[in-house]
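All remarks here apply to the structure that follows.
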Amino acid sequence: VLSELGEGPKGREHLRQALALRKQLDDHYGQAECLGAIGEQLQQEGAFDQALSIHEAALALRRTLEDKVGVAESLNNLAVCYGKTGRLDEAVLQLQECMGLMEEGNDQARVAKCLLNLGACYADQGQFQDAIGQFQKALQMSRACGAQDDEAACYCNLGSAFVSLKQLDNAHDHYETGLALLRKLGDKRGEADCLHNIGAAYFNEGQTEAA
């Protein structure tokens, strides 16, 4: 809650206190949860190098506990951090392991998130056709699960991939669909990001008034 209010450092201090107590109680599950939450706060603030070491510690605990859902969560978070720090091959490896675990458990919602992140890695590597394939799979799963936030993210990411391939009509169709969903969900940050991408696409086409 504190991180959502813009008080990340204060929130982390409470989580660190909770972590210390969990260690005293020898509660390994609780320790892993605290570490994961601290790592996610650091991610939200863009401190990806710091978040990496925290998520690695959480992953080690969760592997020891044979907590497959927790392991998958840590792998997904690590993949995001690796991607944001330019270590895209490592990000892909984490996501592939994560997807394997989620497919074993038939957790379609989490598989969709992995596919979404995997597509983003491929896009960052310039492999836009591969990225589109992953985004389309993620879109189908997100729809089936009723995960509209992920569905919106799929549309927006597809829009960006189509822009990179100069398929601008396709791009605008996907952006507009994603934008409508984001507005429906009241996701102001996502809406702002999508509008920025639409504006940039129009600007690159030379349509400065539309941008």
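Letters for chains follow the order of the structure tokens (A, B, ...), residue numbers begin at 1 for each chain, and ligand numbers begin at 1 in the order shown.
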### Query
Hey, what's within 7 Å of region 160-177 of chain A if we count only C-alpha atoms and toss same-chain stuff fewer than 2 positions away? As a list in words, please?
Ala123, Phe128, Ile132, Tyr155, Cys156, Asn157, Leu158, Leu179, Ala180, Leu181, Cys194, Ile198 and Ala201 of chain A
Residue subset to file, keeping all heavy atoms, as a JSON list (two decimals), in the first residue's frame:
[["chain", "number", "residue", "atom", "x", "y", "z"],
["A", 123, "ALA", "N", 10.67, -8.51, -28.95],
["A", 123, "ALA", "CA", 10.57, -7.19, -29.58],
["A", 123, "ALA", "C", 11.82, -6.36, -29.31],
["A", 123, "ALA", "O", 12.33, -5.68, -30.21],
["A", 123, "ALA", "CB", 9.32, -6.46, -29.06],
["A", 128, "PHE", "N", 10.43, -9.06, -34.38],
["A", 128, "PHE", "CA", 9.05, -8.58, -34.23],
["A", 128, "PHE", "C", 8.01, -9.63, -34.62],
["A", 128, "PHE", "O", 6.94, -9.69, -34.00],
["A", 128, "PHE", "CB", 8.87, -7.30, -35.04],
["A", 128, "PHE", "CG", 9.77, -6.19, -34.57],
["A", 128, "PHE", "CD1", 10.80, -5.72, -35.38],
["A", 128, "PHE", "CD2", 9.61, -5.64, -33.31],
["A", 128, "PHE", "CE1", 11.65, -4.72, -34.94],
["A", 128, "PHE", "CE2", 10.45, -4.64, -32.86],
["A", 128, "PHE", "CZ", 11.47, -4.18, -33.68],
["A", 132, "ILE", "N", 5.14, -10.86, -32.12],
["A", 132, "ILE", "CA", 3.71, -10.85, -32.44],
["A", 132, "ILE", "C", 3.08, -12.21, -32.15],
["A", 132, "ILE", "O", 1.98, -12.30, -31.59],
["A", 132, "ILE", "CB", 3.50, -10.45, -33.92],
["A", 132, "ILE", "CG1", 3.76, -8.94, -34.07],
["A", 132, "ILE", "CG2", 2.10, -10.80, -34.40],
["A", 132, "ILE", "CD1", 3.88, -8.48, -35.51],
["A", 155, "TYR", "N", -2.84, -5.95, -26.65],
["A", 155, "TYR", "CA", -3.21, -5.09, -27.78],
["A", 155, "TYR", "C", -2.18, -3.97, -27.98],
["A", 155, "TYR", "O", -1.77, -3.68, -29.11],
["A", 155, "TYR", "CB", -4.59, -4.49, -27.55],
["A", 155, "TYR", "CG", -5.73, -5.41, -27.92],
["A", 155, "TYR", "CD1", -6.63, -5.84, -26.96],
["A", 155, "TYR", "CD2", -5.91, -5.85, -29.23],
["A", 155, "TYR", "CE1", -7.69, -6.69, -27.30],
["A", 155, "TYR", "CE2", -6.95, -6.70, -29.57],
["A", 155, "TYR", "CZ", -7.84, -7.11, -28.60],
["A", 155, "TYR", "OH", -8.87, -7.96, -28.93],
["A", 156, "CYS", "N", -1.78, -3.34, -26.89],
["A", 156, "CYS", "CA", -0.83, -2.22, -27.00],
["A", 156, "CYS", "C", 0.54, -2.69, -27.48],
["A", 156, "CYS", "O", 1.18, -2.03, -28.30],
["A", 156, "CYS", "CB", -0.72, -1.49, -25.66],
["A", 156, "CYS", "SG", -2.25, -0.66, -25.19],
["A", 157, "ASN", "N", 0.97, -3.85, -26.98],
["A", 157, "ASN", "CA", 2.26, -4.39, -27.43],
["A", 157, "ASN", "C", 2.20, -4.82, -28.89],
["A", 157, "ASN", "O", 3.17, -4.65, -29.63],
["A", 157, "ASN", "CB", 2.67, -5.57, -26.54],
["A", 157, "ASN", "CG", 3.32, -5.11, -25.25],
["A", 157, "ASN", "OD1", 4.37, -4.48, -25.26],
["A", 157, "ASN", "ND2", 2.70, -5.41, -24.13],
["A", 158, "LEU", "N", 1.07, -5.38, -29.29],
["A", 158, "LEU", "CA", 0.90, -5.72, -30.71],
["A", 158, "LEU", "C", 0.96, -4.47, -31.57],
["A", 158, "LEU", "O", 1.57, -4.46, -32.64],
["A", 158, "LEU", "CB", -0.43, -6.45, -30.91],
["A", 158, "LEU", "CG", -0.43, -7.94, -30.56],
["A", 158, "LEU", "CD1", -1.85, -8.46, -30.41],
["A", 158, "LEU", "CD2", 0.33, -8.74, -31.62],
["A", 179, "LEU", "N", -6.54, 0.88, -26.00],
["A", 179, "LEU", "CA", -6.87, 2.13, -25.33],
["A", 179, "LEU", "C", -8.29, 2.09, -24.77],
["A", 179, "LEU", "O", -8.54, 2.52, -23.63],
["A", 179, "LEU", "CB", -6.72, 3.29, -26.31],
["A", 179, "LEU", "CG", -6.97, 4.70, -25.76],
["A", 179, "LEU", "CD1", -5.99, 5.03, -24.64],
["A", 179, "LEU", "CD2", -6.86, 5.73, -26.89],
["A", 180, "ALA", "N", -9.23, 1.57, -25.55],
["A", 180, "ALA", "CA", -10.62, 1.47, -25.08],
["A", 180, "ALA", "C", -10.72, 0.59, -23.84],
["A", 180, "ALA", "O", -11.44, 0.92, -22.88],
["A", 180, "ALA", "CB", -11.50, 0.92, -26.20],
["A", 181, "LEU", "N", -9.97, -0.51, -23.82],
["A", 181, "LEU", "CA", -9.98, -1.40, -22.66],
["A", 181, "LEU", "C", -9.37, -0.72, -21.43],
["A", 181, "LEU", "O", -9.90, -0.83, -20.32],
["A", 181, "LEU", "CB", -9.18, -2.67, -22.98],
["A", 181, "LEU", "CG", -9.96, -3.91, -23.39],
["A", 181, "LEU", "CD1", -8.99, -5.03, -23.73],
["A", 181, "LEU", "CD2", -10.89, -4.36, -22.27],
["A", 194, "CYS", "N", -0.29, 4.31, -23.64],
["A", 194, "CYS", "CA", -0.85, 3.95, -24.95],
["A", 194, "CYS", "C", -1.02, 5.20, -25.81],
["A", 194, "CYS", "O", -0.68, 5.19, -27.01],
["A", 194, "CYS", "CB", -2.18, 3.25, -24.75],
["A", 194, "CYS", "SG", -2.83, 2.50, -26.27],
["A", 198, "ILE", "N", 0.59, 5.97, -29.46],
["A", 198, "ILE", "CA", -0.22, 6.35, -30.63],
["A", 198, "ILE", "C", 0.30, 7.66, -31.21],
["A", 198, "ILE", "O", 0.46, 7.81, -32.43],
["A", 198, "ILE", "CB", -1.71, 6.48, -30.23],
["A", 198, "ILE", "CG1", -2.29, 5.11, -29.89],
["A", 198, "ILE", "CG2", -2.51, 7.12, -31.37],
["A", 198, "ILE", "CD1", -3.67, 5.16, -29.26],
["A", 201, "ALA", "N", 3.49, 7.15, -33.08],
["A", 201, "ALA", "CA", 3.27, 6.49, -34.37],
["A", 201, "ALA", "C", 2.79, 7.49, -35.42],
["A", 201, "ALA", "O", 3.27, 7.50, -36.56],
["A", 201, "ALA", "CB", 2.26, 5.36, -34.21]]
### Task
Using only C-alpha atoms, determine which residues lie at most 8 Å from region 138-152 of chain A, disregarding the query and same-chain residues fewer than 3 positions distant; provide the list as a PyMOL selection string.
chain A and resi 108-109+111-113+115-116+134-135+155-156+177-179+181-182+185
Keeping only all heavy atoms, write the selected residues as a CSV table (one decimal), in the first residue's frame.
chain,number,residue,atom,x,y,z
A,108,GLN,N,-3.3,-20.9,-16.7
A,108,GLN,CA,-3.4,-20.1,-18.0
A,108,GLN,C,-3.1,-18.6,-17.8
A,108,GLN,O,-2.5,-18.0,-18.7
A,108,GLN,CB,-4.7,-20.3,-18.7
A,108,GLN,CG,-5.0,-21.8,-19.1
A,108,GLN,CD,-4.0,-22.3,-20.1
A,108,GLN,OE1,-4.0,-21.9,-21.2
A,108,GLN,NE2,-3.3,-23.3,-19.7
A,109,ALA,N,-3.6,-18.1,-16.7
A,109,ALA,CA,-3.4,-16.6,-16.5
A,109,ALA,C,-1.9,-16.3,-16.4
A,109,ALA,O,-1.4,-15.3,-17.0
A,109,ALA,CB,-4.1,-16.2,-15.3
A,111,VAL,N,0.6,-18.3,-17.5
A,111,VAL,CA,1.2,-18.6,-18.8
A,111,VAL,C,1.1,-17.4,-19.7
A,111,VAL,O,2.1,-17.0,-20.4
A,111,VAL,CB,0.6,-19.8,-19.4
A,111,VAL,CG1,1.2,-20.0,-20.8
A,111,VAL,CG2,1.0,-21.1,-18.6
A,112,ALA,N,-0.1,-16.7,-19.7
A,112,ALA,CA,-0.3,-15.6,-20.5
A,112,ALA,C,0.7,-14.4,-20.2
A,112,ALA,O,1.2,-13.8,-21.1
A,112,ALA,CB,-1.7,-15.1,-20.4
A,113,LYS,N,0.9,-14.2,-18.9
A,113,LYS,CA,1.8,-13.2,-18.5
A,113,LYS,C,3.2,-13.5,-18.9
A,113,LYS,O,4.0,-12.6,-19.4
A,113,LYS,CB,1.8,-13.0,-16.9
A,113,LYS,CG,0.6,-12.3,-16.4
A,113,LYS,CD,0.7,-12.1,-14.9
A,113,LYS,CE,-0.6,-11.5,-14.3
A,113,LYS,NZ,-0.8,-10.2,-14.8
A,115,LEU,N,4.0,-15.3,-21.6
A,115,LEU,CA,4.1,-15.1,-23.0
A,115,LEU,C,4.2,-13.6,-23.4
A,115,LEU,O,4.9,-13.2,-24.3
A,115,LEU,CB,2.8,-15.7,-23.6
A,115,LEU,CG,2.7,-17.2,-23.7
A,115,LEU,CD1,1.3,-17.6,-24.0
A,115,LEU,CD2,3.7,-17.7,-24.7
A,116,LEU,N,3.4,-12.8,-22.6
A,116,LEU,CA,3.5,-11.3,-22.8
A,116,LEU,C,4.9,-10.8,-22.6
A,116,LEU,O,5.4,-10.0,-23.4
A,116,LEU,CB,2.5,-10.7,-21.8
A,116,LEU,CG,2.2,-9.2,-22.0
A,116,LEU,CD1,1.7,-8.8,-23.4
A,116,LEU,CD2,1.2,-8.8,-20.9
A,134,GLN,N,4.0,-14.4,-29.9
A,134,GLN,CA,3.8,-14.5,-28.4
A,134,GLN,C,2.7,-13.7,-27.9
A,134,GLN,O,1.9,-14.1,-27.1
A,134,GLN,CB,5.1,-14.2,-27.7
A,134,GLN,CG,6.3,-15.0,-28.1
A,134,GLN,CD,6.1,-16.5,-27.9
A,134,GLN,OE1,5.6,-17.0,-26.9
A,134,GLN,NE2,6.5,-17.3,-28.9
A,135,PHE,N,2.6,-12.4,-28.4
A,135,PHE,CA,1.5,-11.5,-28.0
A,135,PHE,C,0.1,-12.1,-28.3
A,135,PHE,O,-0.8,-11.9,-27.6
A,135,PHE,CB,1.7,-10.1,-28.6
A,135,PHE,CG,2.9,-9.4,-28.1
A,135,PHE,CD1,3.6,-8.5,-28.9
A,135,PHE,CD2,3.3,-9.5,-26.8
A,135,PHE,CE1,4.7,-7.8,-28.5
A,135,PHE,CE2,4.5,-8.8,-26.3
A,135,PHE,CZ,5.1,-7.9,-27.2
A,155,TYR,N,-2.8,-5.9,-26.6
A,155,TYR,CA,-3.2,-5.1,-27.8
A,155,TYR,C,-2.2,-4.0,-28.0
A,155,TYR,O,-1.8,-3.7,-29.1
A,155,TYR,CB,-4.6,-4.5,-27.6
A,155,TYR,CG,-5.7,-5.4,-27.9
A,155,TYR,CD1,-6.6,-5.8,-27.0
A,155,TYR,CD2,-5.9,-5.8,-29.2
A,155,TYR,CE1,-7.7,-6.7,-27.3
A,155,TYR,CE2,-6.9,-6.7,-29.6
A,155,TYR,CZ,-7.8,-7.1,-28.6
A,155,TYR,OH,-8.9,-8.0,-28.9
A,156,CYS,N,-1.8,-3.3,-26.9
A,156,CYS,CA,-0.8,-2.2,-27.0
A,156,CYS,C,0.5,-2.7,-27.5
A,156,CYS,O,1.2,-2.0,-28.3
A,156,CYS,CB,-0.7,-1.5,-25.7
A,156,CYS,SG,-2.3,-0.7,-25.2
A,177,THR,N,-8.0,-0.5,-29.8
A,177,THR,CA,-8.7,-1.5,-29.0
A,177,THR,C,-8.1,-1.5,-27.6
A,177,THR,O,-8.9,-1.6,-26.6
A,177,THR,CB,-8.6,-2.9,-29.6
A,177,THR,OG1,-9.0,-2.8,-31.0
A,177,THR,CG2,-9.4,-3.9,-28.9
A,178,GLY,N,-6.8,-1.5,-27.5
A,178,GLY,CA,-6.1,-1.5,-26.2
A,178,GLY,C,-6.5,-0.3,-25.3
A,178,GLY,O,-6.8,-0.4,-24.1
A,179,LEU,N,-6.5,0.9,-26.0
A,179,LEU,CA,-6.9,2.1,-25.3
A,179,LEU,C,-8.3,2.1,-24.8
A,179,LEU,O,-8.5,2.5,-23.6
A,179,LEU,CB,-6.7,3.3,-26.3
A,179,LEU,CG,-7.0,4.7,-25.8
A,179,LEU,CD1,-6.0,5.0,-24.6
A,179,LEU,CD2,-6.9,5.7,-26.9
A,181,LEU,N,-10.0,-0.5,-23.8
A,181,LEU,CA,-10.0,-1.4,-22.7
A,181,LEU,C,-9.4,-0.7,-21.4
A,181,LEU,O,-9.9,-0.8,-20.3
A,181,LEU,CB,-9.2,-2.7,-23.0
A,181,LEU,CG,-10.0,-3.9,-23.4
A,181,LEU,CD1,-9.0,-5.0,-23.7
A,181,LEU,CD2,-10.9,-4.4,-22.3
A,182,LEU,N,-8.3,0.0,-21.6
A,182,LEU,CA,-7.6,0.7,-20.5
A,182,LEU,C,-8.5,1.7,-19.9
A,182,LEU,O,-8.6,1.9,-18.7
A,182,LEU,CB,-6.3,1.3,-21.0
A,182,LEU,CG,-5.2,0.3,-21.4
A,182,LEU,CD1,-4.1,1.0,-22.2
A,182,LEU,CD2,-4.6,-0.3,-20.1
A,185,LEU,N,-11.1,0.1,-17.8
A,185,LEU,CA,-10.6,-0.4,-16.6
A,185,LEU,C,-10.1,0.7,-15.6
A,185,LEU,O,-9.8,0.5,-14.5
A,185,LEU,CB,-9.3,-1.3,-16.8
A,185,LEU,CG,-9.6,-2.6,-17.6
A,185,LEU,CD1,-8.3,-3.2,-18.0
A,185,LEU,CD2,-10.3,-3.6,-16.6
### Task
Could you give me, as an MDAnalysis selection string, the residues within 12 Å of region 26-33 of chain A, counting only C-alpha atoms and dropping anything in the same chain fewer than 5 positions from it?
chainID A and resid 15:21 38:40 54:67 69:71 73:74
### region 65-208 of chain A: residues DSSP assigns to helix (DSSP H, G or I), reported as a PyMOL selection string
chain A and resi 65+68-84+88-104+108-124+128-145+148-164+168-185+188-204
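Once region 45-50 of chain A and its same-chain neighbours fewer than 4 positions away are set aside, Gly8, Gly39, Gln41, Ile54, Cys81, Tyr82, Lys84 and Thr85 of chain A remain within 8 Å of it when counting only C-alpha atoms.
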### Message
Calculated over only C-alpha atoms, which of the candidates A:Cys121, A:Leu35, A:Ala79, A:Ala72 has the smallest distance to Glu103 (chain A)?
### Response
A:Ala72
